[in-house]
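Have a look at run-v6.txt; it's compact mmCIF, C-alpha atoms:
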# COMPACT_ATOMS: atom_id res chain seq x y z
CA GLY A 1 0.00 0.00 0.00
CA ALA A 2 0.95 3.65 -0.17
CA GLY A 3 3.46 4.92 2.34
CA VAL A 4 3.92 8.37 3.79
CA SER A 5 4.34 10.95 1.06
CA GLN A 6 5.79 14.42 1.31
CA SER A 7 5.83 17.34 -1.05
CA PRO A 8 7.75 19.01 -2.43
CA SER A 9 10.80 16.77 -2.38
CA ASN A 10 13.05 19.80 -2.70
CA LYS A 11 12.41 23.44 -1.96
CA VAL A 12 14.76 26.35 -2.47
CA THR A 13 13.62 29.65 -1.04
CA GLU A 14 15.04 33.05 -0.32
CA LYS A 15 15.69 34.18 3.22
CA GLY A 16 12.63 35.90 4.63
CA LYS A 17 10.07 34.03 2.52
CA ASP A 18 7.41 31.72 3.96
CA VAL A 19 7.30 28.04 2.98
CA GLU A 20 4.75 25.26 3.38
CA LEU A 21 5.68 21.61 3.51
CA ARG A 22 3.06 18.93 3.08
CA CYS A 23 2.73 15.45 4.52
CA ASP A 24 0.23 12.77 3.53
CA PRO A 25 0.27 10.03 6.18
CA ILE A 26 -0.65 6.41 5.73
CA SER A 27 -4.41 6.01 5.64
CA GLY A 28 -5.79 5.07 9.04
CA HIS A 29 -2.79 6.29 11.00
CA THR A 30 -3.96 8.52 13.80
CA ALA A 31 -0.54 9.79 14.87
CA LEU A 32 1.61 12.12 12.80
CA TYR A 33 5.07 13.45 13.60
CA TRP A 34 7.35 16.07 12.08
CA TYR A 35 11.13 15.85 12.54
CA ARG A 36 13.99 17.96 11.24
CA GLN A 37 17.29 16.46 10.11
CA SER A 38 20.20 18.84 9.78
CA LEU A 39 23.97 18.48 9.74
CA GLY A 40 24.58 20.28 12.97
CA GLN A 41 21.64 19.04 15.00
CA GLY A 42 20.91 15.53 13.79
CA LEU A 43 17.30 14.35 13.92
CA GLU A 44 15.08 16.57 16.05
CA PHE A 45 11.45 16.11 17.01
CA LEU A 46 9.30 19.09 16.05
CA ILE A 47 5.62 18.33 16.63
CA TYR A 48 3.21 15.43 17.24
CA PHE A 49 -0.46 15.09 16.38
CA GLN A 50 -2.64 12.33 17.81
CA GLY A 51 -6.25 12.14 16.74
CA ASN A 52 -8.26 15.11 17.98
CA SER A 53 -5.97 15.83 20.92
CA ALA A 54 -4.04 19.06 21.22
CA PRO A 55 -0.71 18.66 19.41
CA ASP A 56 2.57 18.35 21.28
CA LYS A 57 4.46 21.39 19.98
CA SER A 58 7.35 21.10 22.41
CA GLY A 59 9.96 20.64 19.69
CA LEU A 60 9.15 23.65 17.53
CA PRO A 61 12.31 25.82 17.59
CA SER A 62 10.62 29.21 17.34
CA ASP A 63 7.28 30.87 16.77
CA ARG A 64 8.12 31.08 13.07
CA PHE A 65 7.27 27.39 12.89
CA SER A 66 3.71 26.14 12.94
CA ALA A 67 1.86 23.06 11.80
CA GLU A 68 -1.67 21.95 11.33
CA ARG A 69 -3.40 18.72 10.54
CA THR A 70 -6.67 18.97 8.72
CA GLY A 71 -9.37 16.34 9.05
CA GLY A 72 -7.04 14.08 10.95
CA SER A 73 -5.09 13.34 7.78
CA VAL A 74 -2.90 15.69 5.76
CA SER A 75 -0.52 17.93 7.66
CA THR A 76 1.22 21.14 6.66
CA LEU A 77 4.34 22.50 8.32
CA THR A 78 4.73 26.24 7.78
CA ILE A 79 7.92 28.18 8.31
CA GLN A 80 7.54 31.94 8.23
CA ARG A 81 10.33 34.39 7.45
CA THR A 82 12.77 31.61 6.71
CA GLN A 83 16.36 31.87 7.91
CA GLN A 84 19.45 30.11 6.61
CA GLU A 85 19.56 27.95 9.74
CA ASP A 86 16.18 26.51 8.73
CA SER A 87 17.92 24.66 5.87
CA ALA A 88 17.43 20.97 6.60
CA VAL A 89 15.51 17.87 5.59
CA TYR A 90 12.05 17.86 7.12
CA LEU A 91 10.74 14.36 7.75
CA CYS A 92 7.18 13.36 8.42
CA ALA A 93 6.17 10.07 10.04
CA SER A 94 2.87 8.46 10.88
CA SER A 95 1.82 5.60 13.11
CA LEU A 96 -1.22 3.82 14.49
CA GLY A 97 -0.89 5.54 17.84
CA GLY A 98 1.64 6.56 20.42
CA ILE A 99 5.26 5.82 21.04
CA SER A 100 4.91 2.04 21.14
CA TYR A 101 3.76 1.86 17.53
CA GLU A 102 6.19 1.81 14.64
CA GLN A 103 6.63 5.16 12.97
CA TYR A 104 6.66 5.05 9.18
CA PHE A 105 8.74 7.83 7.68
CA GLY A 106 8.31 9.70 4.44
CA PRO A 107 11.24 10.50 2.13
CA GLY A 108 11.48 14.05 3.44
CA THR A 109 11.52 17.55 2.00
CA ARG A 110 14.94 19.10 1.54
CA LEU A 111 14.66 22.82 2.29
CA THR A 112 17.43 25.17 1.24
CA VAL A 113 17.27 28.80 2.30
CA THR A 114 19.53 31.07 0.27
CA ALA B 1 15.59 14.33 29.76
CA GLN B 2 16.35 11.54 27.38
CA SER B 3 19.51 11.49 25.30
CA VAL B 4 21.25 9.06 22.99
CA THR B 5 24.94 8.76 22.17
CA GLN B 6 26.28 6.95 19.16
CA PRO B 7 30.05 7.19 19.65
CA ASP B 8 31.03 6.17 16.12
CA ILE B 9 30.29 8.63 13.34
CA HIS B 10 31.70 6.36 10.61
CA ILE B 11 32.41 2.65 10.54
CA THR B 12 33.89 0.64 7.67
CA VAL B 13 33.65 -3.15 7.58
CA SER B 14 34.44 -5.73 4.95
CA GLU B 15 31.61 -7.59 3.32
CA GLY B 16 30.98 -10.80 5.24
CA ALA B 17 32.49 -9.46 8.44
CA SER B 18 30.53 -9.00 11.64
CA LEU B 19 29.19 -5.64 12.70
CA GLU B 20 28.46 -3.94 15.99
CA LEU B 21 27.13 -0.39 16.22
CA ARG B 22 27.16 1.18 19.65
CA CYS B 23 24.37 3.08 21.32
CA ASN B 24 24.21 4.47 24.85
CA TYR B 25 21.16 6.18 26.23
CA SER B 26 20.31 8.32 29.19
CA TYR B 27 16.89 7.99 30.74
CA GLY B 28 15.64 7.68 34.28
CA ALA B 29 13.48 4.61 33.76
CA THR B 30 13.27 1.71 31.36
CA PRO B 31 12.92 3.31 27.97
CA TYR B 32 11.59 2.20 24.65
CA LEU B 33 14.60 1.68 22.36
CA PHE B 34 14.73 1.61 18.59
CA TRP B 35 17.16 1.21 15.74
CA TYR B 36 16.37 2.81 12.38
CA VAL B 37 18.24 2.68 9.08
CA GLN B 38 18.33 5.39 6.45
CA SER B 39 19.58 4.65 2.95
CA PRO B 40 20.68 7.60 0.78
CA GLY B 41 17.69 9.67 -0.29
CA GLN B 42 15.28 7.47 1.63
CA GLY B 43 13.22 7.87 4.75
CA LEU B 44 13.99 5.98 7.92
CA GLN B 45 13.04 2.33 8.26
CA LEU B 46 12.60 0.57 11.59
CA LEU B 47 15.03 -2.33 12.09
CA LEU B 48 13.98 -3.42 15.57
CA LYS B 49 12.66 -2.21 18.89
CA TYR B 50 12.85 -3.09 22.57
CA PHE B 51 10.08 -2.43 25.05
CA SER B 52 10.42 -5.10 27.71
CA GLY B 53 11.08 -8.78 28.24
CA ASP B 54 13.88 -10.64 26.49
CA THR B 55 16.84 -8.31 26.27
CA LEU B 56 18.00 -9.74 22.93
CA VAL B 57 15.70 -8.63 20.16
CA GLN B 58 15.67 -9.74 16.56
CA GLY B 59 14.89 -7.43 13.72
CA ILE B 60 14.63 -7.34 9.98
CA LYS B 61 17.50 -7.93 7.55
CA GLY B 62 19.32 -10.21 10.00
CA PHE B 63 19.97 -7.54 12.62
CA GLU B 64 19.73 -8.01 16.38
CA ALA B 65 20.28 -5.78 19.38
CA GLU B 66 20.86 -6.39 23.05
CA PHE B 67 19.54 -4.20 25.84
CA LYS B 68 21.97 -3.96 28.76
CA ARG B 69 20.47 -1.97 31.59
CA SER B 70 23.68 -1.94 33.64
CA GLN B 71 25.55 -0.30 30.78
CA SER B 72 22.64 1.81 29.47
CA SER B 73 23.39 0.37 26.07
CA PHE B 74 21.47 -1.00 23.12
CA ASN B 75 24.08 -2.11 20.60
CA LEU B 76 23.12 -3.30 17.14
CA ARG B 77 24.78 -6.38 15.68
CA LYS B 78 24.85 -8.39 12.50
CA PRO B 79 26.96 -11.53 12.07
CA SER B 80 27.73 -11.05 8.37
CA VAL B 81 27.41 -7.72 6.61
CA HIS B 82 26.22 -7.41 3.02
CA TRP B 83 27.11 -4.55 0.66
CA SER B 84 23.45 -3.50 0.71
CA ASP B 85 23.75 -2.74 4.44
CA ALA B 86 25.72 0.41 3.66
CA ALA B 87 23.57 3.20 5.09
CA GLU B 88 23.22 5.44 8.12
CA TYR B 89 21.96 3.89 11.31
CA PHE B 90 20.15 5.74 14.07
CA CYS B 91 19.48 4.65 17.62
CA ALA B 92 16.48 6.28 19.30
CA VAL B 93 14.89 6.34 22.73
CA GLY B 94 11.31 7.05 23.69
CA ALA B 95 9.76 7.61 27.07
CA ARG B 96 6.95 5.31 28.06
CA TYR B 97 3.72 7.26 27.72
CA GLY B 98 5.66 9.91 25.84
CA ASN B 99 5.09 11.27 22.39
CA LYS B 100 8.45 11.62 20.77
CA LEU B 101 11.63 9.82 19.85
CA VAL B 102 15.04 11.23 20.69
CA PHE B 103 17.60 10.17 18.12
CA GLY B 104 21.33 9.72 18.28
CA ALA B 105 23.57 11.49 15.78
CA GLY B 106 23.78 8.42 13.59
CA THR B 107 26.54 6.08 12.43
CA ILE B 108 27.41 5.88 8.75
CA LEU B 109 28.29 2.33 7.72
CA ARG B 110 30.51 1.73 4.72
CA VAL B 111 30.97 -1.82 3.42
CA LYS B 112 34.17 -2.75 1.60
CA SER B 113 34.05 -5.46 -1.03

Mind converting the file's structure to structure tokens?
Amino acid sequence: GAGVSQSPSNKVTEKGKDVELRCDPISGHTALYWYRQSLGQGLEFLIYFQGNSAPDKSGLPSDRFSAERTGGSVSTLTIQRTQQEDSAVYLCASSLGGISYEQYFGPGTRLTVT
Amino acid sequence: AQSVTQPDIHITVSEGASLELRCNYSYGATPYLFWYVQSPGQGLQLLLKYFSGDTLVQGIKGFEAEFKRSQSSFNLRKPSVHWSDAAEYFCAVGARYGNKLVFGAGTILRVKS
């Protein structure tokens, strides 16, 4: 079946512009995660959605970052006023529930801020 | 707070040789432990996980890992490495009843033919 998909696969933007990254989770998965993978910081948790519960935003690095999940399915990560340090690969994962369930990762979106 | 240390940034082994990738974690209770693999340009794939019970866990692709509480370690092993195992390997820890995984910095495995 279809896995987690992310779009775009690559995004180049100018410093100061806003960007939106999209994640389509596996159908039926109630949990959705966003992670950031960068050279200096490794893999960092950003945000977690579970069903209709309030999201866990504890990993968002600044208020320029936000995410939403519409209809319990597709999620969009928005970065406002991008900075060069935002350059990274943004990974989305989905699972059937909480931490004990396997997370299935998408291929990521490579964001480059020039 | 949880943390994970993977001491080896790069490891090179010959095809057919055995492999051990090290992982040490810091967490105040028994954690959930995971190993993921990432091939170039691909997302992460779960190799194996430990939650409780038998401390030696088997995973996919012939990998196994052993949880050693006394050493706070969860090392990944494979008896005979194949060229297709070349990839980056990540150890991760999750808190029970928590929401997120904390990943180590990763170990890049190169396989010599």

Taking only C-alpha atoms into account, what are the residues of chain A at most 8 Å from chain B, put as a PyMOL selection string?
chain A and resi 41-45+48+56+91+98-100+102-108

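Comparing the minimum interatomic distances between Gly97 (chain A) and each of A:Gly72, A:Pro25, A:Pro8, A:Gly51, counting only C-alpha atoms, we find that A:Gly51 sits nearest.
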
Name the residues, using the chain letters and numbers of the file, that sit within 9 Å of (35.1, -8.0, 2.3) when counting only C-alpha atoms, and give them as a list in words.
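With a cut-off of 9 Å, the residues come to Val13, Ser14, Glu15, Gly16, Ala17, Val81, His82, Trp83, Val111, Lys112 and Ser113 of chain B.
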
Find the residues around Ile79 (chain A) up to 6 Å (only C-alpha atoms counted), leave out those fewer than 6 positions away in its own chain, and share them as a list of chain:residue names.
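Listing them by chain and then by number gives A:Asp18, A:Val19, A:Arg64, A:Phe65.
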
With C-alpha atoms kept, could you save the residues just selected as a PDB file, keeping the file's coordinate frame?
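Output contents, as saved in selection_25.pdb:
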ATOM      1  CA  ASP A  18       7.410  31.720   3.960  1.00  0.00           C
ATOM      2  CA  VAL A  19       7.300  28.040   2.980  1.00  0.00           C
ATOM      3  CA  ARG A  64       8.120  31.080  13.070  1.00  0.00           C
ATOM      4  CA  PHE A  65       7.270  27.390  12.890  1.00  0.00           C
TER       5      PHE A  65
END

Restricting to all atoms listed in the file, whichever of B:Gly62, B:Pro7, B:Pro79, B:Gly28 is closest to Leu47 (chain B) is B:Gly62

Can you pull out every residue within 10 Å of Thr13 (chain A), counting all atoms listed in the file, but drop anything in the same chain fewer than 6 positions away, and send it as a ChimeraX atom specification?
/A:19,82-84,87,111-114

So that I can see what lies close to Ser39 (chain B), please list as a compact mmCIF listing (two decimals) with C-alpha atoms, in the coordinates of the input the residues with an atom at most 10 Å from it, counting only C-alpha atoms and leaving out residues fewer than 6 positions away in the same chain.
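For reference, result_7.txt as written:
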# COMPACT_ATOMS: atom_id res chain seq x y z
CA GLN B 45 13.04 2.33 8.26
CA SER B 84 23.45 -3.50 0.71
CA ASP B 85 23.75 -2.74 4.44
CA ALA B 86 25.72 0.41 3.66
CA ALA B 87 23.57 3.20 5.09
CA GLU B 88 23.22 5.44 8.12
CA TYR B 89 21.96 3.89 11.31
CA ILE B 108 27.41 5.88 8.75

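Atom to atom, CA of Asp86 (chain A) and CA of Asp24 (chain A) stand 21.7 Å apart.
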
With distances taken over all atoms listed in the file, which of A:Tyr35, A:Val74, A:Glu85, A:Val12 is nearest to Lys57 (chain A)?
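Nearest candidate to Lys57 (chain A) out of A:Tyr35, A:Val74, A:Glu85, A:Val12: A:Tyr35.
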
If I take CA of Ser18 (chain B) and CA of Tyr36 (chain B), how far is one from the other in Å, to one decimal?
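Distance between the two atoms: 18.5 Å.
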
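Rounded to one decimal, CA of Gly40 (chain A) and CA of Lys17 (chain A) lie 22.6 Å from each other.
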
Would you list the contacts of Arg22 (chain A) as an MDAnalysis selection string, taking every protein, DNA or RNA residue within 7 Å and counting all atoms listed in the file, but skipping same-chain residues closer than 3 positions in sequence?
chainID A and resid 6:7 75:77

Would you mind exporting the chosen residues as a CSV table (one decimal), in the coordinates of the input, restricted to C-alpha atoms?
chain,number,residue,atom,x,y,z
A,6,GLN,CA,5.8,14.4,1.3
A,7,SER,CA,5.8,17.3,-1.0
A,75,SER,CA,-0.5,17.9,7.7
A,76,THR,CA,1.2,21.1,6.7
A,77,LEU,CA,4.3,22.5,8.3

Pick from A:Thr30, A:Gly16, A:Arg110, A:Pro61, whichever lies nearest to Val89 (chain A) using all atoms listed in the file:
A:Arg110

Using only C-alpha atoms, what residues lie at most 9 Å away from (21.2, -10.0, 11.8) (file coordinates), given as a ChimeraX atom specification?
/B:58-65,76-81

Each side padded by 6 Å, which centre and which edge lengths in Å (one decimal) define the axis-aligned box around the listed atoms of region 94-107 of chain A? Give them as AutoDock Vina command-line options.
--center_x 5.0 --center_y 6.2 --center_z 11.6 --size_x 24.5 --size_y 20.7 --size_z 31.0

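The list of residues with at least one atom within 10 Å of Ser26 (chain B), based on all atoms listed in the file and without residues fewer than 5 positions apart in the same chain, reads Ala1, Gln2, Ser3, Val4, Thr5, Pro31, Ser72, Ser73 and Val93 of chain B.
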
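Of the listed residues A:Arg69, A:Arg81, A:His29, A:Lys11, the one whose atoms come nearest to Ile47 (chain A) is A:Arg69, with distances taken using only C-alpha atoms.
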